[in-house]
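> Here it is: the structure, laid out below.
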Amino acid sequence: MYVDDLNIIRTHGEIPKIVNYLKKEFEMKDLGKCFFYLDLQIEHLADGILIHQSTYIKNVIKRFYIDKSHSMSTLMVVRPLDVKKKPF
């Protein structure tokens, strides 16, 4: 059997034990920490992990040329939501 990727998510102390066990049972390579997974960007911090999609969002913005667009101010009409007080 061939497995392409495997992500182990546990506490820092448990991960080396699991990796060592798997290496005894299977032929495998440890490629280290995961930084991208299913378009999610994973940042490893001292007190945990941060998962976000900033790289994916930047790619979508470029793909649809949103980065070439210009912002524009528009007028906004503010009125009460109760139409009985102020109908259209």
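Chains: A, B, ... in order of the structure tokens. Residues: from 1 per chain. Ligands: from 1, in order shown.
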Write down as a PyMOL selection string the residues of chain A whose backbone DSSP state falls under strand (DSSP E).

chain A and resi 36-37+40-45+48-52

> Can you write just those residues out, C-alpha atoms, as a compact mmCIF listing (two decimals), in the first residue's frame?


```txt
# COMPACT_ATOMS: atom_id res chain seq x y z
CA PHE A 36 -0.14 23.79 3.32
CA TYR A 37 -3.06 21.35 3.34
CA LEU A 40 -5.21 25.92 4.02
CA GLN A 41 -2.06 27.63 5.18
CA ILE A 42 -0.76 26.36 8.52
CA GLU A 43 1.52 28.49 10.67
CA HIS A 44 3.20 26.85 13.65
CA LEU A 45 3.34 29.23 16.63
CA GLY A 48 -0.42 26.57 18.96
CA ILE A 49 -1.18 26.72 15.26
CA LEU A 50 -2.87 29.31 13.06
CA ILE A 51 -4.85 28.10 10.05
CA HIS A 52 -5.86 30.56 7.34
```

> Which neighbours of A:Ile9 fall inside 12 Å, counting only C-alpha atoms, when residues of the same chain fewer than 4 positions from it are skipped, and could you give them as JSON, numbers by chain?

{"A": [13, 14, 15, 16, 18, 19, 33, 34, 48, 49]}

> So that I have them on file, write out the residues from the current selection with N, CA, C and O atoms, as a tab-separated table (two decimals), in the first residue's frame.


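Listed below is the output, out.tsv:
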```
chain	number	residue	atom	x	y	z
A	13	GLY	N	4.84	16.35	22.54
A	13	GLY	CA	5.50	15.20	23.16
A	13	GLY	C	5.09	13.87	22.56
A	13	GLY	O	5.85	12.90	22.57
A	14	GLU	N	3.87	13.79	22.04
A	14	GLU	CA	3.36	12.52	21.52
A	14	GLU	C	3.77	12.26	20.07
A	14	GLU	O	3.87	11.11	19.65
A	15	ILE	N	4.03	13.29	19.30
A	15	ILE	CA	4.32	13.13	17.88
A	15	ILE	C	5.57	12.28	17.64
A	15	ILE	O	5.53	11.35	16.83
A	16	PRO	N	6.72	12.54	18.31
A	16	PRO	CA	7.90	11.69	18.05
A	16	PRO	C	7.66	10.21	18.36
A	16	PRO	O	8.15	9.34	17.64
A	18	ILE	N	4.79	8.57	18.08
A	18	ILE	CA	3.97	8.03	17.00
A	18	ILE	C	4.80	7.83	15.74
A	18	ILE	O	4.71	6.80	15.07
A	19	VAL	N	5.63	8.82	15.41
A	19	VAL	CA	6.47	8.72	14.21
A	19	VAL	C	7.44	7.56	14.33
A	19	VAL	O	7.63	6.79	13.38
A	33	LYS	N	7.09	19.41	9.45
A	33	LYS	CA	5.80	20.06	9.67
A	33	LYS	C	5.11	20.37	8.34
A	33	LYS	O	5.74	20.67	7.34
A	34	CYS	N	3.80	20.32	8.39
A	34	CYS	CA	2.96	20.64	7.24
A	34	CYS	C	2.69	22.15	7.23
A	34	CYS	O	2.35	22.72	8.27
A	48	GLY	N	0.60	27.29	19.72
A	48	GLY	CA	-0.42	26.57	18.96
A	48	GLY	C	-0.20	26.75	17.47
A	48	GLY	O	0.90	27.05	17.03
A	49	ILE	N	-1.26	26.55	16.71
A	49	ILE	CA	-1.18	26.72	15.26
A	49	ILE	C	-2.22	27.72	14.80
A	49	ILE	O	-3.26	27.90	15.45
```

> For atom CA of A:Arg63 and atom CA of A:Leu75, determine how far apart the two atoms are, in Å to one decimal place.

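Between atom CA of A:Arg63 and atom CA of A:Leu75 the gap is 29.2 Å.
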
> Distance atom CA of A:Asn20-atom CA of A:Asp5, one decimal place?

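Computing the Euclidean distance for atom CA of A:Asn20 and atom CA of A:Asp5 yields 16.5 Å.
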
> Name the residues of chain A that come out as alpha helix (DSSP H) in a backbone DSSP run; write them as a list in words.

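The alpha helix (DSSP H) residues within chain A come out as Glu14, Ile15, Pro16, Lys17, Ile18, Val19, Asn20, Tyr21, Leu22, Lys23, Lys24, Glu25, Ser54, Thr55, Tyr56, Ile57, Lys58, Asn59, Val60, Ile61, Lys62 and Arg63 of chain A.
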